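These notes concern the structure reproduced below.
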Amino acid sequence: MIELYELCGANPAHLFSPFCWRVRMALVHKGLSFRSNPTCFTDKELIAFSGQSKVPVIRDGDTVVYDSLAIFAYLDSQYPEKPLLGDAVASARAKAIDALCTSVLRGGLLKMVLLRVLQACDPKDHAYFRSTREAFFSDTLENVDNPEQGQALLEAAWPVLAAVLKTQPYFDGDEPAGADYLVFGHFMWAYTLGIAPWQDNAPVNDWFNRLLNIYEAQQGTVVRTA
């Protein structure tokens with residue numbers, strides 16, 4: 001059985017990493033059984049075998065893979081049914097979607113969830129999370145966290161996402177695949193931390209709920225911040 005090492009909060013069932021959600025959805029998409037290994041920020045020894053310090057990590061027998069896109073590629077190579085990335089066109093689409101996630105979604109959502117992550121994570125992780133993020137931003141978490149600014153940044157993404165979803169149900173066409181999970185992972189970052197920064201009547205809301213329903217029908221109700 002594939003082992004998935006994924007980020008968790010104080011509650012081991014509270015999973016909020018956008019990159020780990022990408023991989024979790026990829027495994028569900030493939031219909032592969034997997035065992036979750038919830039991993040806190042400071043549980044570096046649990047993934048030391050991977051030769052690096054970040055989740056997601058999967059271990060499939062003797063094979064270890066980290067980084068969500070690399071894991072997608074590995075799963076497609078070893079379990080080719082229901083491809084995530086598919087042909088060259090699908091791979092190019094996934095790269096474009098990933099660039100959108102990096103350039104727009106991540107920055108906007110970060111300003112909305114930063115303090116929520118601090119509150120959700122295990123108390124043993126508080127000092128680590130604060131010190132590493134404040135060093136990265138050269139500012140306090142409280143100053144960086146700004147939901148209004150985050151929402152304003154996200155406004156640039158809605159028309160791009162809506163333009164696709166008005167003509168087809170998923171970014172990958174009639175059925176979801178890798179490009180969908182790249183975006184969905186970031187939205188689950190917000191959703192599991194208690195917010196949904198898109199409008200109820202927006203195409204992205206219907207798309208998100210379709211994927212969430214697919215996931216929960218197979219894996220059960222998602223644990224969220226109260």
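In the structure tokens, each chain is lettered A, B, ... as it comes, each chain's residues begin at 1, and ligands are numbered from 1 in order of appearance.
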Could you give me, as a Markdown table, a per-residue list for region 29-114 of chain A showing, wherever an atom lies at most 9 Å from an atom of region 170-176 of chain A, the closest pair of atoms and their distance in Å to one decimal, using only C-alpha atoms and sorting by chain then residue number from low to high?
| residue | atom | partner | partner_atom | distance |
| --- | --- | --- | --- | --- |
| A:His29 | CA | A:Pro176 | CA | 8.4 |
| A:Leu84 | CA | A:Pro176 | CA | 8.6 |
| A:Ala90 | CA | A:Asp172 | CA | 7.4 |
| A:Arg93 | CA | A:Asp172 | CA | 8.2 |
| A:Ala94 | CA | A:Asp172 | CA | 8.7 |
| A:Ile97 | CA | A:Phe171 | CA | 8.9 |
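Residues lying within 6 Å of region 2-11 of chain A, counting only C-alpha atoms and ignoring same-chain neighbours fewer than 2 positions away, are Ala13, His14, Leu15, Ser17, Cys20, Phe34, Arg35, Ser36, Asn37, Pro38, Thr39, Cys40, Val55, Pro56, Val57, Ile58, Arg59, Asp60, Ala120, Cys121 and Asp122 of chain A.
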Where in region 9-209 of chain A does DSSP assign helix (DSSP H, G or I), given as a PDB file with C-alpha atoms, in the first residue's frame?
ATOM      1  CA  PRO A  18      -2.467  22.692  -0.528  1.00  0.00           C
ATOM      2  CA  PHE A  19       0.285  20.488  -1.906  1.00  0.00           C
ATOM      3  CA  CYS A  20      -0.688  17.474   0.159  1.00  0.00           C
ATOM      4  CA  TRP A  21      -4.310  17.880  -0.914  1.00  0.00           C
ATOM      5  CA  ARG A  22      -3.149  17.752  -4.523  1.00  0.00           C
ATOM      6  CA  VAL A  23      -1.594  14.351  -3.918  1.00  0.00           C
ATOM      7  CA  ARG A  24      -4.467  13.053  -1.809  1.00  0.00           C
ATOM      8  CA  MET A  25      -6.867  13.895  -4.630  1.00  0.00           C
ATOM      9  CA  ALA A  26      -4.533  12.296  -7.180  1.00  0.00           C
ATOM     10  CA  LEU A  27      -4.556   9.028  -5.232  1.00  0.00           C
ATOM     11  CA  VAL A  28      -8.345   9.117  -4.948  1.00  0.00           C
ATOM     12  CA  HIS A  29      -8.572   9.874  -8.670  1.00  0.00           C
ATOM     13  CA  LYS A  30      -6.475   6.815  -9.441  1.00  0.00           C
ATOM     14  CA  LYS A  44      11.162  16.256  10.220  1.00  0.00           C
ATOM     15  CA  GLU A  45      12.474  12.884  11.381  1.00  0.00           C
ATOM     16  CA  LEU A  46       9.378  11.158   9.971  1.00  0.00           C
ATOM     17  CA  ILE A  47      10.350  12.085   6.416  1.00  0.00           C
ATOM     18  CA  ALA A  48      14.142  12.056   6.786  1.00  0.00           C
ATOM     19  CA  PHE A  49      14.189   8.924   4.595  1.00  0.00           C
ATOM     20  CA  SER A  50      13.139  11.122   1.648  1.00  0.00           C
ATOM     21  CA  SER A  68       3.296  17.177  -5.880  1.00  0.00           C
ATOM     22  CA  LEU A  69       3.955  17.420  -9.615  1.00  0.00           C
ATOM     23  CA  ALA A  70       6.699  14.803  -9.442  1.00  0.00           C
ATOM     24  CA  ILE A  71       4.274  12.547  -7.587  1.00  0.00           C
ATOM     25  CA  PHE A  72       1.668  13.091 -10.324  1.00  0.00           C
ATOM     26  CA  ALA A  73       4.205  12.044 -12.945  1.00  0.00           C
ATOM     27  CA  TYR A  74       5.248   8.992 -10.928  1.00  0.00           C
ATOM     28  CA  LEU A  75       1.666   7.851 -10.408  1.00  0.00           C
ATOM     29  CA  ASP A  76       0.967   8.175 -14.129  1.00  0.00           C
ATOM     30  CA  SER A  77       4.070   6.147 -14.982  1.00  0.00           C
ATOM     31  CA  GLN A  78       3.318   3.334 -12.537  1.00  0.00           C
ATOM     32  CA  ALA A  88       1.510  16.870 -24.003  1.00  0.00           C
ATOM     33  CA  VAL A  89      -1.485  19.209 -24.158  1.00  0.00           C
ATOM     34  CA  ALA A  90      -2.711  18.149 -20.726  1.00  0.00           C
ATOM     35  CA  SER A  91       0.786  18.469 -19.281  1.00  0.00           C
ATOM     36  CA  ALA A  92       1.136  21.973 -20.715  1.00  0.00           C
ATOM     37  CA  ARG A  93      -2.271  22.900 -19.289  1.00  0.00           C
ATOM     38  CA  ALA A  94      -1.218  21.639 -15.863  1.00  0.00           C
ATOM     39  CA  LYS A  95       1.972  23.719 -16.007  1.00  0.00           C
ATOM     40  CA  ALA A  96      -0.047  26.826 -16.883  1.00  0.00           C
ATOM     41  CA  ILE A  97      -2.503  26.167 -14.063  1.00  0.00           C
ATOM     42  CA  ASP A  98       0.355  25.590 -11.629  1.00  0.00           C
ATOM     43  CA  ALA A  99       1.847  28.937 -12.651  1.00  0.00           C
ATOM     44  CA  LEU A 100      -1.500  30.599 -11.915  1.00  0.00           C
ATOM     45  CA  CYS A 101      -1.544  28.938  -8.505  1.00  0.00           C
ATOM     46  CA  THR A 102       1.961  30.186  -7.782  1.00  0.00           C
ATOM     47  CA  SER A 103       1.548  33.722  -9.079  1.00  0.00           C
ATOM     48  CA  VAL A 104      -1.985  34.559  -7.927  1.00  0.00           C
ATOM     49  CA  LEU A 105      -3.813  32.025  -5.787  1.00  0.00           C
ATOM     50  CA  ARG A 106      -1.033  31.265  -3.326  1.00  0.00           C
ATOM     51  CA  GLY A 107      -0.258  34.894  -2.535  1.00  0.00           C
ATOM     52  CA  GLY A 108      -3.883  35.869  -2.103  1.00  0.00           C
ATOM     53  CA  LEU A 109      -4.827  32.877   0.010  1.00  0.00           C
ATOM     54  CA  LEU A 110      -1.712  33.163   2.153  1.00  0.00           C
ATOM     55  CA  LYS A 111      -2.830  36.560   3.391  1.00  0.00           C
ATOM     56  CA  MET A 112      -6.147  35.002   4.374  1.00  0.00           C
ATOM     57  CA  VAL A 113      -4.974  31.826   6.115  1.00  0.00           C
ATOM     58  CA  LEU A 114      -1.625  32.625   7.726  1.00  0.00           C
ATOM     59  CA  LEU A 115      -2.912  33.183  11.265  1.00  0.00           C
ATOM     60  CA  ARG A 116      -5.447  30.398  10.829  1.00  0.00           C
ATOM     61  CA  VAL A 117      -2.597  27.965  10.150  1.00  0.00           C
ATOM     62  CA  LEU A 118      -0.829  29.131  13.305  1.00  0.00           C
ATOM     63  CA  GLN A 119      -3.986  28.527  15.324  1.00  0.00           C
ATOM     64  CA  ALA A 120      -4.581  25.109  13.751  1.00  0.00           C
ATOM     65  CA  PRO A 123       1.460  23.907  19.862  1.00  0.00           C
ATOM     66  CA  LYS A 124       4.887  22.311  19.453  1.00  0.00           C
ATOM     67  CA  ASP A 125       4.972  23.834  15.960  1.00  0.00           C
ATOM     68  CA  HIS A 126       4.038  27.404  16.905  1.00  0.00           C
ATOM     69  CA  ALA A 127       7.545  28.748  17.429  1.00  0.00           C
ATOM     70  CA  TYR A 128       8.844  27.030  14.275  1.00  0.00           C
ATOM     71  CA  PHE A 129       5.987  28.247  12.108  1.00  0.00           C
ATOM     72  CA  ARG A 130       6.243  31.801  13.362  1.00  0.00           C
ATOM     73  CA  SER A 131      10.038  32.058  13.119  1.00  0.00           C
ATOM     74  CA  THR A 132      10.332  30.530   9.633  1.00  0.00           C
ATOM     75  CA  ARG A 133       7.490  32.546   8.121  1.00  0.00           C
ATOM     76  CA  GLU A 134       8.517  35.807   9.742  1.00  0.00           C
ATOM     77  CA  ALA A 135      12.066  35.287   8.482  1.00  0.00           C
ATOM     78  CA  PHE A 136      10.718  34.684   4.974  1.00  0.00           C
ATOM     79  CA  PHE A 137       8.481  37.766   4.988  1.00  0.00           C
ATOM     80  CA  LEU A 141       2.585  37.139  10.919  1.00  0.00           C
ATOM     81  CA  GLU A 142       0.082  39.685  12.155  1.00  0.00           C
ATOM     82  CA  ASN A 143       1.305  42.292   9.659  1.00  0.00           C
ATOM     83  CA  VAL A 144       1.392  39.883   6.731  1.00  0.00           C
ATOM     84  CA  PRO A 147      -7.701  39.063   4.413  1.00  0.00           C
ATOM     85  CA  GLU A 148      -8.841  42.203   2.595  1.00  0.00           C
ATOM     86  CA  GLN A 149      -5.604  42.393   0.620  1.00  0.00           C
ATOM     87  CA  GLY A 150      -5.788  38.672  -0.016  1.00  0.00           C
ATOM     88  CA  GLN A 151      -9.300  38.940  -1.404  1.00  0.00           C
ATOM     89  CA  ALA A 152      -8.214  41.805  -3.655  1.00  0.00           C
ATOM     90  CA  LEU A 153      -5.364  39.691  -5.048  1.00  0.00           C
ATOM     91  CA  LEU A 154      -7.741  36.816  -5.752  1.00  0.00           C
ATOM     92  CA  ALA A 157      -7.962  34.894 -10.689  1.00  0.00           C
ATOM     93  CA  TRP A 158     -11.762  34.661 -10.815  1.00  0.00           C
ATOM     94  CA  PRO A 159     -12.249  35.798 -14.453  1.00  0.00           C
ATOM     95  CA  VAL A 160      -9.524  33.428 -15.662  1.00  0.00           C
ATOM     96  CA  LEU A 161     -11.018  30.440 -13.851  1.00  0.00           C
ATOM     97  CA  ALA A 162     -14.575  31.369 -14.795  1.00  0.00           C
ATOM     98  CA  ALA A 163     -13.706  31.667 -18.496  1.00  0.00           C
ATOM     99  CA  VAL A 164     -12.875  27.956 -18.550  1.00  0.00           C
ATOM    100  CA  LEU A 165     -15.589  26.718 -16.206  1.00  0.00           C
ATOM    101  CA  GLY A 178      -4.377  16.854 -12.724  1.00  0.00           C
ATOM    102  CA  ALA A 179      -5.047  20.504 -13.570  1.00  0.00           C
ATOM    103  CA  ASP A 180      -8.176  20.427 -11.420  1.00  0.00           C
ATOM    104  CA  TYR A 181      -6.362  19.009  -8.434  1.00  0.00           C
ATOM    105  CA  LEU A 182      -3.640  21.648  -8.648  1.00  0.00           C
ATOM    106  CA  VAL A 183      -6.255  24.363  -8.101  1.00  0.00           C
ATOM    107  CA  PHE A 184      -8.427  22.310  -5.761  1.00  0.00           C
ATOM    108  CA  GLY A 185      -5.500  21.775  -3.404  1.00  0.00           C
ATOM    109  CA  HIS A 186      -5.143  25.515  -2.924  1.00  0.00           C
ATOM    110  CA  PHE A 187      -8.856  25.984  -2.370  1.00  0.00           C
ATOM    111  CA  MET A 188      -8.854  23.170   0.170  1.00  0.00           C
ATOM    112  CA  TRP A 189      -6.145  25.119   1.994  1.00  0.00           C
ATOM    113  CA  ALA A 190      -8.745  27.838   2.592  1.00  0.00           C
ATOM    114  CA  TYR A 191     -11.739  25.527   3.016  1.00  0.00           C
ATOM    115  CA  THR A 192     -10.163  23.324   5.678  1.00  0.00           C
ATOM    116  CA  PRO A 203     -18.604  29.004 -11.574  1.00  0.00           C
ATOM    117  CA  VAL A 204     -15.676  28.089  -9.346  1.00  0.00           C
ATOM    118  CA  ASN A 205     -18.064  27.429  -6.450  1.00  0.00           C
ATOM    119  CA  ASP A 206     -19.966  24.787  -8.411  1.00  0.00           C
ATOM    120  CA  TRP A 207     -16.687  23.274  -9.610  1.00  0.00           C
ATOM    121  CA  PHE A 208     -15.294  23.151  -6.070  1.00  0.00           C
ATOM    122  CA  ASN A 209     -18.409  21.508  -4.672  1.00  0.00           C
TER     123      ASN A 209
END
**Prompt:** Expressed in Å to a single decimal, how great is the separation between CA of Ala202 (chain A) and CA of Gly220 (chain A)?
**Reply:**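 A separation of 25.3 Å between them.
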**Message:** Just the number, please: distance in Å from CA of Leu85 (chain A) to CA of Ala177 (chain A), one decimal.
**Reply:**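 Between CA of Leu85 (chain A) and CA of Ala177 (chain A) the gap is 7.1 Å.
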**Request:** Write down as a ChimeraX atom specification the residues belonging to region 47-213 of chain A that are assigned strand (DSSP E or B) by DSSP computed on the backbone.
**Result:** /A:57-60,63-66,170,173
**Request:** Enter the distance from CA of Glu155 (chain A) to CA of Thr221 (chain A), in Å, rounded to one decimal.
**Result:**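 So the two atoms, CA of Glu155 (chain A) and CA of Thr221 (chain A), lie 28.9 Å apart.
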